[in-house]
$ cat input_12.tsv   # TSV, C-alpha atoms and all ligand atoms
chain	number	residue	atom	x	y	z
J	24	MET	CA	121.56	-110.54	-33.35
J	25	ALA	CA	124.61	-109.17	-35.14
J	26	ARG	CA	124.57	-108.21	-38.76
J	27	ARG	CA	125.90	-110.96	-40.98
J	28	THR	CA	127.34	-110.46	-44.45
J	29	ASP	CA	127.23	-113.39	-46.82
J	30	ILE	CA	129.73	-113.35	-49.66
J	31	ARG	CA	128.46	-115.25	-52.69
J	32	SER	CA	130.87	-116.05	-55.51
J	33	LEU	CA	129.80	-116.17	-59.13
J	34	PRO	CA	131.37	-118.55	-61.64
J	35	ALA	CA	134.60	-116.97	-62.85
J	36	PRO	CA	133.85	-115.18	-66.11
J	37	ALA	CA	137.43	-115.68	-67.22
J	38	ALA	CA	140.46	-117.54	-65.92
J	39	GLY	CA	142.15	-115.63	-63.14
J	40	THR	CA	139.16	-113.43	-62.30
J	41	ALA	CA	136.50	-113.54	-59.61
J	42	GLN	CA	133.16	-111.82	-59.01
J	43	GLN	CA	131.24	-111.68	-55.78
J	44	LEU	CA	127.94	-110.49	-54.37
J	45	LEU	CA	127.44	-109.28	-50.81
J	46	ILE	CA	124.22	-109.87	-48.92
J	47	HIS	CA	123.95	-107.97	-45.63
J	48	ARG	CA	121.45	-109.64	-43.31
J	49	PHE	CA	119.79	-108.09	-40.30
J	50	GLY	CA	117.32	-109.43	-37.77
J	51	PRO	CA	116.24	-113.01	-37.13
J	52	GLU	CA	118.03	-115.61	-39.21
J	53	SER	CA	115.06	-117.69	-40.27
J	54	VAL	CA	111.70	-116.56	-41.52
J	55	ILE	CA	108.75	-117.86	-39.54
J	56	PRO	CA	105.75	-116.45	-41.37
J	57	GLU	CA	103.29	-116.94	-38.53
J	58	SER	CA	105.40	-115.11	-35.97
J	59	PRO	CA	105.43	-111.34	-35.47
J	60	THR	CA	109.08	-111.27	-36.46
J	61	GLY	CA	108.64	-113.57	-39.42
J	62	ARG	CA	108.45	-110.88	-42.05
J	63	LYS	CA	111.24	-110.38	-44.56
J	64	ALA	CA	112.27	-107.33	-46.55
J	65	TYR	CA	114.67	-107.52	-49.47
J	66	ILE	CA	116.38	-104.47	-50.95
J	67	GLN	CA	118.85	-104.42	-53.83
J	68	ALA	CA	120.72	-101.63	-55.58
J	69	SER	CA	121.56	-101.03	-59.21
J	70	LEU	CA	120.54	-104.17	-61.04
J	71	HIS	CA	121.04	-101.90	-64.00
J	72	ALA	CA	124.63	-101.37	-63.03
J	73	ASP	CA	125.02	-97.96	-64.64
J	74	GLU	CA	122.20	-96.54	-62.49
J	75	THR	CA	124.38	-95.22	-59.69
J	76	PRO	CA	121.95	-93.54	-57.25
J	77	GLY	CA	120.92	-96.87	-55.67
J	78	LEU	CA	124.52	-97.69	-54.79
J	79	LEU	CA	124.79	-94.54	-52.69
J	80	VAL	CA	121.35	-95.04	-51.14
J	81	ALA	CA	122.38	-98.57	-50.13
J	82	HIS	CA	125.55	-97.14	-48.57
J	83	HIS	CA	123.47	-94.82	-46.38
J	84	LEU	CA	120.87	-97.49	-45.66
J	85	LEU	CA	123.59	-99.88	-44.48
J	86	ARG	CA	124.67	-97.30	-41.92
J	87	LEU	CA	121.09	-96.85	-40.66
J	88	LEU	CA	120.48	-100.59	-40.48
J	89	GLN	CA	123.74	-101.23	-38.66
J	90	GLN	CA	122.81	-98.62	-36.07
J	91	ALA	CA	119.35	-100.13	-35.66
J	92	GLU	CA	120.89	-103.57	-35.22
J	93	THR	CA	123.30	-102.23	-32.59
J	94	ASN	CA	120.32	-100.72	-30.79
J	95	GLY	CA	118.44	-104.02	-30.93
J	96	GLU	CA	115.68	-102.47	-33.01
J	97	VAL	CA	115.59	-104.81	-36.02
J	98	THR	CA	112.53	-106.99	-35.48
J	99	GLY	CA	112.02	-108.49	-38.94
J	100	GLN	CA	114.45	-110.05	-41.36
J	101	ILE	CA	116.11	-107.59	-43.73
J	102	ALA	CA	118.43	-108.48	-46.61
J	103	LEU	CA	120.35	-105.68	-48.34
J	104	VAL	CA	122.29	-106.33	-51.53
J	105	PRO	CA	124.39	-103.17	-51.89
J	106	TYR	CA	125.30	-103.86	-55.53
J	107	ALA	CA	123.13	-106.34	-57.38
J	108	ASN	CA	125.10	-106.60	-60.59
J	109	PRO	CA	128.88	-107.02	-60.42
J	110	LEU	CA	128.81	-108.16	-64.06
J	111	GLY	CA	127.45	-104.82	-65.18
J	112	LEU	CA	129.71	-102.86	-62.86
J	113	ALA	CA	132.67	-104.21	-64.82
J	114	GLN	CA	131.28	-103.36	-68.26
J	115	PHE	CA	132.93	-100.33	-69.82
J	116	PHE	CA	133.32	-99.38	-73.43
J	117	ASP	CA	135.03	-96.28	-74.76
J	118	HIS	CA	135.27	-94.74	-71.25
J	119	THR	CA	131.54	-95.22	-70.68
J	120	GLN	CA	129.89	-97.65	-68.25
J	121	LEU	CA	127.22	-99.74	-69.95
J	122	GLY	CA	125.34	-101.64	-67.26
J	123	ARG	CA	121.83	-102.11	-68.68
J	124	PHE	CA	122.55	-104.93	-71.11
J	125	GLU	CA	124.86	-107.88	-70.68
J	126	PHE	CA	127.87	-107.75	-72.99
J	127	ALA	CA	128.53	-111.48	-72.91
J	128	LEU	CA	126.53	-113.84	-75.12
J	129	SER	CA	122.91	-112.72	-74.86
J	130	GLY	CA	123.19	-108.95	-74.85
J	131	GLY	CA	119.97	-109.04	-72.85
J	132	ASN	CA	118.60	-106.46	-70.44
J	133	PHE	CA	119.60	-107.35	-66.87
J	134	ASN	CA	116.09	-106.43	-65.68
J	135	ARG	CA	114.13	-108.65	-68.05
J	136	ASN	CA	113.41	-112.37	-68.35
J	137	TRP	CA	113.57	-113.21	-64.66
J	138	PRO	CA	112.45	-116.73	-63.71
J	139	ASP	CA	108.71	-117.44	-63.92
J	140	LEU	CA	108.14	-118.66	-60.36
J	141	ALA	CA	104.47	-119.52	-60.94
J	142	ALA	CA	105.45	-121.86	-63.75
J	143	LEU	CA	108.41	-123.30	-61.83
J	144	ALA	CA	106.53	-123.93	-58.59
J	145	GLY	CA	102.91	-124.41	-59.65
J	146	ASP	CA	102.92	-128.19	-59.85
J	147	ARG	CA	104.77	-128.42	-56.53
J	148	VAL	CA	102.02	-126.67	-54.58
J	149	ALA	CA	99.16	-128.60	-56.19
J	150	GLY	CA	97.50	-130.73	-53.52
J	151	GLN	CA	99.23	-128.89	-50.65
J	152	LEU	CA	97.00	-125.84	-50.42
J	153	SER	CA	94.29	-125.39	-47.80
J	154	ASP	CA	91.66	-122.90	-46.68
J	155	ASP	CA	94.31	-121.14	-44.59
J	156	ALA	CA	95.90	-118.24	-46.47
J	157	GLY	CA	98.90	-118.04	-44.12
J	158	SER	CA	99.63	-121.72	-44.54
J	159	ASN	CA	99.35	-121.36	-48.33
J	160	VAL	CA	101.90	-118.55	-48.26
J	161	THR	CA	104.33	-120.83	-46.44
J	162	VAL	CA	103.72	-123.70	-48.88
J	163	ILE	CA	104.24	-121.46	-51.89
J	164	ARG	CA	107.41	-119.83	-50.56
J	165	THR	CA	108.88	-123.24	-49.82
J	166	ALA	CA	108.03	-124.32	-53.37
J	167	PHE	CA	109.69	-121.18	-54.78
J	168	ARG	CA	112.88	-121.84	-52.83
J	169	ASN	CA	112.99	-125.53	-53.73
J	170	ALA	CA	112.32	-124.87	-57.41
J	171	LEU	CA	115.14	-122.34	-57.61
J	172	ASP	CA	117.50	-124.58	-55.62
J	173	GLU	CA	117.14	-127.31	-58.26
J	174	ILE	CA	118.36	-125.12	-61.11
J	175	THR	CA	122.05	-125.46	-61.91
J	176	PRO	CA	123.43	-122.26	-63.42
J	177	GLN	CA	125.67	-122.58	-66.43
J	178	ARG	CA	127.28	-119.17	-66.37
J	179	SER	CA	127.68	-115.95	-64.42
J	180	LEU	CA	124.42	-114.24	-65.37
J	181	GLN	CA	122.31	-117.29	-64.52
J	182	ALA	CA	124.15	-117.68	-61.23
J	183	LEU	CA	123.58	-114.01	-60.42
J	184	ARG	CA	119.88	-114.29	-61.21
J	185	LEU	CA	119.49	-117.41	-59.07
J	186	ILE	CA	121.25	-115.90	-56.05
J	187	LEU	CA	119.13	-112.74	-56.16
J	188	ALA	CA	115.89	-114.58	-56.91
J	189	ARG	CA	116.54	-117.03	-54.08
J	190	GLU	CA	116.86	-114.08	-51.70
J	191	ALA	CA	113.79	-112.21	-52.94
J	192	CYS	CA	111.36	-115.08	-53.55
J	193	ASP	CA	110.25	-115.45	-49.93
J	194	ALA	CA	110.16	-111.76	-49.01
J	195	ASP	CA	107.07	-109.78	-48.06
J	196	LEU	CA	108.60	-106.57	-49.36
J	197	VAL	CA	111.02	-106.25	-52.30
J	198	LEU	CA	112.55	-102.91	-53.27
J	199	ASP	CA	114.59	-102.84	-56.48
J	200	LEU	CA	116.49	-99.53	-56.68
J	201	HIS	CA	116.86	-98.09	-60.19
J	202	CYS	CA	116.92	-94.65	-61.82
J	203	ASP	CA	115.80	-93.09	-65.07
J	204	ASP	CA	117.60	-90.56	-67.29
J	205	LEU	CA	116.60	-86.98	-66.36
J	206	ALA	CA	113.61	-87.79	-64.19
J	207	LEU	CA	111.40	-87.29	-61.19
J	208	PRO	CA	111.31	-90.07	-58.59
J	209	HIS	CA	108.65	-92.70	-59.29
J	210	LEU	CA	107.51	-96.24	-58.49
J	211	PHE	CA	106.35	-99.25	-60.47
J	212	LEU	CA	103.93	-101.60	-58.69
J	213	ILE	CA	101.21	-104.10	-59.47
J	214	PRO	CA	97.70	-102.64	-58.95
J	215	GLN	CA	96.99	-105.12	-56.13
J	216	HIS	CA	99.50	-103.29	-53.93
J	217	TRP	CA	97.90	-99.90	-54.18
J	218	PRO	CA	96.95	-98.12	-51.95
J	219	GLN	CA	98.86	-100.24	-49.42
J	220	ALA	CA	102.16	-98.86	-50.79
J	221	GLN	CA	101.09	-95.25	-50.17
J	222	ASP	CA	103.46	-95.05	-47.20
J	223	LEU	CA	106.46	-95.95	-49.37
J	224	ALA	CA	105.37	-93.48	-52.06
J	225	ALA	CA	104.88	-90.71	-49.53
J	226	GLU	CA	108.17	-91.35	-47.73
J	227	LEU	CA	110.13	-91.33	-51.00
J	228	GLY	CA	108.30	-88.25	-52.24
J	229	VAL	CA	107.64	-89.88	-55.60
J	230	ARG	CA	105.82	-87.90	-58.27
J	231	ALA	CA	104.27	-90.88	-60.05
J	232	VAL	CA	103.16	-94.40	-59.17
J	233	LEU	CA	102.76	-96.52	-62.29
J	234	LEU	CA	100.62	-99.62	-61.99
J	235	ALA	CA	100.80	-102.65	-64.26
J	236	GLU	CA	100.05	-106.29	-63.59
J	237	ASP	CA	102.05	-107.61	-66.49
J	238	SER	CA	104.19	-105.14	-68.36
J	239	GLY	CA	105.52	-107.96	-70.48
J	240	GLY	CA	109.21	-108.07	-69.87
J	241	GLY	CA	109.71	-110.26	-66.82
J	242	SER	CA	111.18	-107.44	-64.74
J	243	PHE	CA	112.63	-108.16	-61.32
J	244	ASP	CA	109.77	-106.65	-59.31
J	245	GLU	CA	107.06	-108.46	-61.28
J	246	ALA	CA	108.99	-111.74	-61.01
J	247	PHE	CA	108.12	-111.79	-57.30
J	248	SER	CA	104.77	-109.97	-57.13
J	249	THR	CA	102.88	-111.51	-60.05
J	250	PRO	CA	103.45	-115.25	-59.35
J	251	TRP	CA	101.01	-114.91	-56.46
J	252	LEU	CA	98.37	-113.64	-58.88
J	253	ARG	CA	99.03	-116.43	-61.36
J	254	LEU	CA	98.86	-119.10	-58.64
J	255	ALA	CA	95.64	-117.55	-57.26
J	256	GLU	CA	94.15	-117.88	-60.75
J	257	ARG	CA	95.31	-121.46	-61.16
J	258	PHE	CA	94.20	-122.56	-57.69
J	259	SER	CA	91.10	-120.43	-57.44
J	260	GLY	CA	89.58	-122.57	-54.69
J	261	ALA	CA	92.34	-121.74	-52.22
J	262	PRO	CA	93.00	-118.33	-50.63
J	263	ILE	CA	96.31	-117.04	-52.03
J	264	PRO	CA	97.08	-113.41	-51.16
J	265	PRO	CA	99.42	-111.15	-53.17
J	266	ALA	CA	102.04	-111.86	-50.51
J	267	CYS	CA	105.05	-110.15	-52.04
J	268	GLU	CA	104.83	-106.40	-52.38
J	269	ALA	CA	107.56	-105.69	-54.91
J	270	ALA	CA	108.38	-102.26	-56.27
J	271	THR	CA	110.80	-100.85	-58.76
J	272	VAL	CA	111.98	-97.62	-57.19
J	273	GLU	CA	113.20	-95.08	-59.75
J	274	LEU	CA	115.48	-92.73	-57.81
J	275	ARG	CA	115.23	-89.69	-60.15
J	276	GLY	CA	117.91	-89.51	-62.89
J	277	TRP	CA	121.28	-91.15	-63.28
J	278	MET	CA	123.15	-87.93	-62.47
J	279	ASP	CA	121.20	-87.39	-59.23
J	280	VAL	CA	123.92	-88.81	-57.03
J	281	ASN	CA	124.70	-86.84	-53.90
J	282	ASP	CA	124.78	-87.52	-50.16
J	283	ALA	CA	121.85	-85.25	-49.30
J	284	GLN	CA	119.38	-87.00	-51.59
J	285	ALA	CA	120.80	-90.47	-51.00
J	286	SER	CA	120.68	-90.18	-47.22
J	287	ALA	CA	117.12	-88.82	-47.44
J	288	ASP	CA	116.10	-91.72	-49.69
J	289	ALA	CA	117.76	-94.21	-47.33
J	290	LEU	CA	115.91	-92.67	-44.40
J	291	ALA	CA	112.65	-92.88	-46.36
J	292	ILE	CA	113.21	-96.60	-46.88
J	293	PHE	CA	114.23	-97.03	-43.24
J	294	ARG	CA	111.06	-95.30	-42.05
J	295	THR	CA	108.98	-97.47	-44.35
J	296	LEU	CA	110.61	-100.51	-42.77
J	297	GLN	CA	109.62	-99.09	-39.38
J	298	ARG	CA	106.03	-98.56	-40.53
J	299	ARG	CA	105.90	-102.12	-41.80
J	300	GLY	CA	107.17	-103.59	-38.54
J	301	PHE	CA	110.65	-104.65	-39.66
J	302	ILE	CA	112.30	-102.14	-37.35
J	303	ALA	CA	111.11	-100.82	-33.99
J	304	GLY	CA	110.80	-97.12	-33.25
J	305	GLN	CA	108.70	-94.24	-34.40
J	306	PRO	CA	109.04	-93.17	-38.04
J	307	GLY	CA	107.38	-89.80	-37.40
J	308	ALA	CA	104.51	-88.27	-39.30
J	309	LEU	CA	103.94	-89.62	-42.80
J	310	PRO	CA	104.86	-86.98	-45.40
J	311	LYS	CA	102.20	-85.75	-47.79
J	312	LEU	CA	101.67	-87.91	-50.86
J	313	HIS	CA	102.56	-85.98	-54.02
J	314	CYS	CA	100.69	-88.03	-56.59
J	315	GLU	CA	97.91	-90.45	-57.30
J	316	ALA	CA	98.60	-93.85	-58.80
J	317	THR	CA	97.92	-94.27	-62.51
J	318	GLU	CA	97.86	-97.17	-64.92
J	319	LEU	CA	101.15	-97.63	-66.75
J	320	THR	CA	99.12	-97.80	-69.97
J	321	ALA	CA	98.25	-94.13	-69.36
J	322	THR	CA	101.92	-93.12	-69.41
J	323	ASP	CA	103.09	-92.33	-72.90
J	324	SER	CA	106.64	-92.98	-73.98
J	325	VAL	CA	107.21	-90.46	-76.73
J	326	LYS	CA	109.53	-91.89	-79.38
J	327	ALA	CA	111.71	-90.12	-81.93
J	328	PRO	CA	110.30	-90.54	-85.45
J	329	SER	CA	113.58	-89.50	-87.08
J	330	ALA	CA	117.22	-88.86	-86.31
J	331	GLY	CA	118.55	-85.53	-85.18
J	332	VAL	CA	119.43	-83.16	-82.39
J	333	VAL	CA	116.81	-82.87	-79.66
J	334	VAL	CA	115.91	-79.39	-78.41
J	335	TYR	CA	113.52	-79.65	-75.50
J	336	GLY	CA	110.70	-77.26	-74.72
J	337	VAL	CA	109.90	-79.00	-71.42
J	338	GLU	CA	111.65	-80.39	-68.39
J	339	PRO	CA	110.65	-83.01	-65.80
J	340	GLY	CA	107.88	-81.69	-63.58
J	341	ASP	CA	106.19	-79.65	-66.31
J	342	ARG	CA	102.53	-80.34	-67.06
J	343	VAL	CA	101.44	-80.53	-70.68
J	344	LYS	CA	98.24	-80.79	-72.69
J	345	ILE	CA	97.71	-82.76	-75.88
J	346	GLY	CA	99.39	-80.88	-78.70
J	347	ASP	CA	101.86	-78.98	-76.51
J	348	LEU	CA	105.42	-78.96	-77.76
J	349	ILE	CA	107.69	-81.54	-76.12
J	350	CYS	CA	110.75	-80.96	-78.26
J	351	GLU	CA	111.99	-80.35	-81.75
J	352	ILE	CA	114.28	-82.71	-83.63
J	353	VAL	CA	116.74	-80.80	-85.74
J	354	ASP	CA	117.97	-82.73	-88.76
J	355	PRO	CA	121.64	-81.92	-89.32
J	356	ALA	CA	121.38	-83.33	-92.84
J	357	ALA	CA	118.69	-80.87	-93.90
J	358	THR	CA	119.89	-78.50	-96.61
J	359	ASP	CA	117.18	-75.92	-95.92
J	360	PRO	CA	117.36	-74.74	-92.27
J	361	LYS	CA	113.68	-73.70	-92.46
J	362	ARG	CA	112.74	-77.36	-92.99
J	363	ALA	CA	115.23	-78.88	-90.57
J	364	ARG	CA	113.03	-78.82	-87.47
J	365	ARG	CA	110.37	-81.39	-86.66
J	366	ALA	CA	108.05	-80.62	-83.76
J	367	ILE	CA	107.15	-83.44	-81.38
J	368	THR	CA	103.99	-82.80	-79.40
J	369	ALA	CA	102.26	-84.37	-76.41
J	370	THR	CA	99.84	-87.18	-77.14
J	371	THR	CA	98.25	-87.05	-73.71
J	372	ASP	CA	97.60	-84.53	-70.98
J	373	GLY	CA	99.95	-85.14	-68.11
J	374	LEU	CA	103.16	-84.72	-66.17
J	375	ILE	CA	106.59	-84.81	-67.81
J	376	LEU	CA	108.23	-87.60	-65.81
J	377	SER	CA	111.49	-87.95	-67.69
J	378	ILE	CA	113.44	-86.73	-70.69
J	379	ARG	CA	116.78	-87.81	-72.11
J	380	SER	CA	120.14	-86.31	-71.29
J	381	HIS	CA	121.97	-87.13	-74.50
J	382	ARG	CA	120.61	-84.84	-77.14
J	383	TYR	CA	121.14	-86.76	-80.37
J	384	VAL	CA	118.59	-89.47	-81.22
J	385	THR	CA	117.93	-92.07	-83.85
J	386	PRO	CA	114.43	-93.28	-84.82
J	387	GLY	CA	112.58	-95.13	-82.06
J	388	MET	CA	114.55	-93.69	-79.16
J	389	ALA	CA	112.51	-92.47	-76.19
J	390	LEU	CA	112.28	-88.68	-75.93
J	391	ALA	CA	110.04	-88.30	-72.90
J	392	LYS	CA	107.61	-90.05	-70.61
J	393	ILE	CA	104.31	-88.30	-69.92
J	394	VAL	CA	102.21	-89.55	-67.02
J	395	GLY	CA	98.58	-89.25	-68.06
J	396	ARG	CA	95.41	-90.50	-66.44
J	397	THR	CA	93.66	-92.09	-69.42
J	398	PRO	CA	94.92	-95.42	-70.77
J	399	LEU	CA	96.26	-94.97	-74.30
J	400	PRO	CA	95.16	-97.35	-77.08
J	401	HIS	CA	98.69	-97.78	-78.41
J	402	ARG	CA	100.08	-98.66	-74.97
J	403	SER	CA	99.43	-102.37	-74.59
J	404	GLY	CA	101.46	-105.57	-74.49
J	405	TYR	CA	105.10	-104.87	-73.80
J	406	LEU	CA	105.08	-101.61	-71.83
J	407	LEU	CA	108.66	-101.25	-70.58
J	408	GLU	CA	111.57	-99.57	-72.26
J	409	ASP	CA	114.05	-101.89	-73.95
S	1	ZN	ZN	116.91	-99.57	-64.35

$ encode --input "input_12.tsv" --output "structure tokens"
Amino acid sequence: MARRTDIRSLPAPAAGTAQQLLIHRFGPESVIPESPTGRKAYIQASLHADETPGLLVAHHLLRLLQQAETNGEVTGQIALVPYANPLGLAQFFDHTQLGRFEFALSGGNFNRNWPDLAALAGDRVAGQLSDDAGSNVTVIRTAFRNALDEITPQRSLQALRLILAREACDADLVLDLHCDDLALPHLFLIPQHWPQAQDLAAELGVRAVLLAEDSGGGSFDEAFSTPWLRLAERFSGAPIPPACEAATVELRGWMDVNDAQASADALAIFRTLQRRGFIAGQPGALPKLHCEATELTATDSVKAPSAGVVVYGVEPGDRVKIGDLICEIVDPAATDPKRARRAITATTDGLILSIRSHRYVTPGMALAKIVGRTPLPHRSGYLLED
């Protein structure tokens, strides 16, 4: 089977312009869940369009997948979207790419408010479920596809969301490639997929695995993993497994863009696909896992209480105790230099996962993420960054 690239056009955002998505497909054309080759993996890069590492990882992964296809080694269905957000890729202001929030109309975060598949498809599967978990998976995936197919997009962002959601909704494995600011590599997953995702975490060498069942924002990964949980709750008499293992993969920081790391990350994903049976061949020994998984509610996001210049006392990878200095905020408006500095200290014991690169902050901006082990009382409800 030769690789096929689908070109999907978005509604023109303005007269005389055009935007397109590419979807590279490998392996069997149709998904047959009951067959050994019926599994589907979906991988997309840079939904937050200013998070560049994923674009380069996808470039290297495309090369590996093409070679595997030439060798006849692709046994499952694999879809690779090498750039998931052409809208964001075109957004520049004052020489700076701004790809996290949509400029047009809503101003919303591209990785929030994805369709609620459990709500869209729930009524469709009622009465069709049985005692057979595999059959229920097929029924539910069909309902997801049909529900999305009936939505008519009004504009580019909706069309983009529908195309990507239609590709991911029937996958067994979804990898959404992002990055943080200055950061160590890490994963977001729902708790139901740990420890089964240990192989992915070990291959990628991540330093944190953050577990949350509902972080509150409707992120891309949770849009495909959590509907299975919601449907299992609603139809508690029928076996419904958490059939879509979806992860947000944070590929270090936004400046970590080089061929050595990107090709290693692509190989890590490729080997995970081998371990999961999407590609034949031996992935080699599984690397050592560098972290345990922790609840996302145990990771503190330290926020700036006031405006000023940030002077860090830590860097990603450091371990801190409660009360240790994270940074000082220097108030440039202070008239007495002795009173200009405000110390910001750790509120939990843990690992410094990320800090910010731009060193001037206003109140409420995130200064650091600290991965702790004990859930924090103030970390509930909406857990993601804006
Ligand atoms: Zn992101």

$ closest_residue --input "input_12.tsv" --among "J:Ala102, J:Asn281, J:Leu121, J:Phe126" --to "Arg189 (chain J)" --atoms "only C-alpha atoms"
J:Ala102

$ atom_distance --input "input_12.tsv" --atom1 "CA of Ala246 (chain J)" --atom2 "CA of Ala149 (chain J)"
20.1 Å

$ closest_residue --input "input_12.tsv" --among "J:Glu315, J:Asp347, J:Asp154, J:Asp117" --to "Ala366 (chain J)" --atoms "all atoms listed in the file"
J:Asp347

$ closest_atom_pairs --input "input_12.tsv" --of "chain J" --to "ligand ZN 1 (chain S)" --cutoff "12 Å" --atoms "only C-alpha atoms and all ligand atoms" --output "Markdown table"
| residue | atom | partner | partner_atom | distance |
| --- | --- | --- | --- | --- |
| J:Gln67 | CA | S:ZN1 | ZN | 11.7 |
| J:Ala68 | CA | S:ZN1 | ZN | 9.8 |
| J:Ser69 | CA | S:ZN1 | ZN | 7.1 |
| J:Leu70 | CA | S:ZN1 | ZN | 6.7 |
| J:His71 | CA | S:ZN1 | ZN | 4.8 |
| J:Ala72 | CA | S:ZN1 | ZN | 8.0 |
| J:Asp73 | CA | S:ZN1 | ZN | 8.3 |
| J:Glu74 | CA | S:ZN1 | ZN | 6.4 |
| J:Thr75 | CA | S:ZN1 | ZN | 9.8 |
| J:Pro76 | CA | S:ZN1 | ZN | 10.6 |
| J:Gly77 | CA | S:ZN1 | ZN | 9.9 |
| J:Ala107 | CA | S:ZN1 | ZN | 11.5 |
| J:Asn108 | CA | S:ZN1 | ZN | 11.4 |
| J:Gly111 | CA | S:ZN1 | ZN | 11.8 |
| J:Leu121 | CA | S:ZN1 | ZN | 11.7 |
| J:Gly122 | CA | S:ZN1 | ZN | 9.2 |
| J:Arg123 | CA | S:ZN1 | ZN | 7.0 |
| J:Phe124 | CA | S:ZN1 | ZN | 10.3 |
| J:Asn132 | CA | S:ZN1 | ZN | 9.3 |
| J:Phe133 | CA | S:ZN1 | ZN | 8.6 |
| J:Asn134 | CA | S:ZN1 | ZN | 7.0 |
| J:Arg135 | CA | S:ZN1 | ZN | 10.2 |
| J:Asp199 | CA | S:ZN1 | ZN | 8.8 |
| J:Leu200 | CA | S:ZN1 | ZN | 7.7 |
| J:His201 | CA | S:ZN1 | ZN | 4.4 |
| J:Cys202 | CA | S:ZN1 | ZN | 5.5 |
| J:Asp203 | CA | S:ZN1 | ZN | 6.6 |
| J:Asp204 | CA | S:ZN1 | ZN | 9.5 |
| J:His209 | CA | S:ZN1 | ZN | 11.9 |
| J:Leu210 | CA | S:ZN1 | ZN | 11.6 |
| J:Phe211 | CA | S:ZN1 | ZN | 11.3 |
| J:Ser242 | CA | S:ZN1 | ZN | 9.7 |
| J:Phe243 | CA | S:ZN1 | ZN | 10.1 |
| J:Asp244 | CA | S:ZN1 | ZN | 11.2 |
| J:Thr271 | CA | S:ZN1 | ZN | 8.4 |
| J:Val272 | CA | S:ZN1 | ZN | 8.9 |
| J:Glu273 | CA | S:ZN1 | ZN | 7.4 |
| J:Leu274 | CA | S:ZN1 | ZN | 9.6 |
| J:Arg275 | CA | S:ZN1 | ZN | 10.9 |
| J:Gly276 | CA | S:ZN1 | ZN | 10.2 |
| J:Trp277 | CA | S:ZN1 | ZN | 9.5 |
| J:Leu407 | CA | S:ZN1 | ZN | 10.5 |
| J:Glu408 | CA | S:ZN1 | ZN | 9.5 |
| J:Asp409 | CA | S:ZN1 | ZN | 10.3 |

$ closest_residue --input "input_12.tsv" --among "J:Ala64, J:Ile375, J:Leu207, J:Ala269" --to "Arg299 (chain J)" --atoms "only C-alpha atoms"
J:Ala64

$ build_atoms --input "input_12.tsv" --residues "region 79-90 of chain J" --atoms "N, CA and C atoms" --output "compact mmCIF listing (two decimals), in the frame of the given file"
# COMPACT_ATOMS: atom_id res chain seq x y z
N LEU J 79 124.56 -95.48 -53.79
CA LEU J 79 124.79 -94.54 -52.69
C LEU J 79 123.67 -94.62 -51.65
N VAL J 80 122.45 -94.86 -52.09
CA VAL J 80 121.35 -95.04 -51.14
C VAL J 80 121.62 -96.28 -50.27
N ALA J 81 122.08 -97.36 -50.90
CA ALA J 81 122.38 -98.57 -50.13
C ALA J 81 123.49 -98.32 -49.11
N HIS J 82 124.46 -97.50 -49.49
CA HIS J 82 125.55 -97.14 -48.57
C HIS J 82 124.98 -96.45 -47.32
N HIS J 83 124.06 -95.52 -47.53
CA HIS J 83 123.47 -94.82 -46.38
C HIS J 83 122.51 -95.72 -45.61
N LEU J 84 121.80 -96.58 -46.33
CA LEU J 84 120.87 -97.49 -45.66
C LEU J 84 121.62 -98.49 -44.80
N LEU J 85 122.78 -98.94 -45.26
CA LEU J 85 123.59 -99.88 -44.48
C LEU J 85 123.95 -99.26 -43.13
N ARG J 86 124.32 -98.00 -43.17
CA ARG J 86 124.67 -97.30 -41.92
C ARG J 86 123.46 -97.26 -40.98
N LEU J 87 122.30 -96.93 -41.50
CA LEU J 87 121.09 -96.85 -40.66
C LEU J 87 120.72 -98.22 -40.10
N LEU J 88 120.85 -99.24 -40.93
CA LEU J 88 120.48 -100.59 -40.48
C LEU J 88 121.46 -101.12 -39.44
N GLN J 89 122.75 -100.80 -39.65
CA GLN J 89 123.74 -101.23 -38.66
C GLN J 89 123.47 -100.58 -37.31
N GLN J 90 123.11 -99.31 -37.33
CA GLN J 90 122.81 -98.62 -36.07
C GLN J 90 121.59 -99.23 -35.41
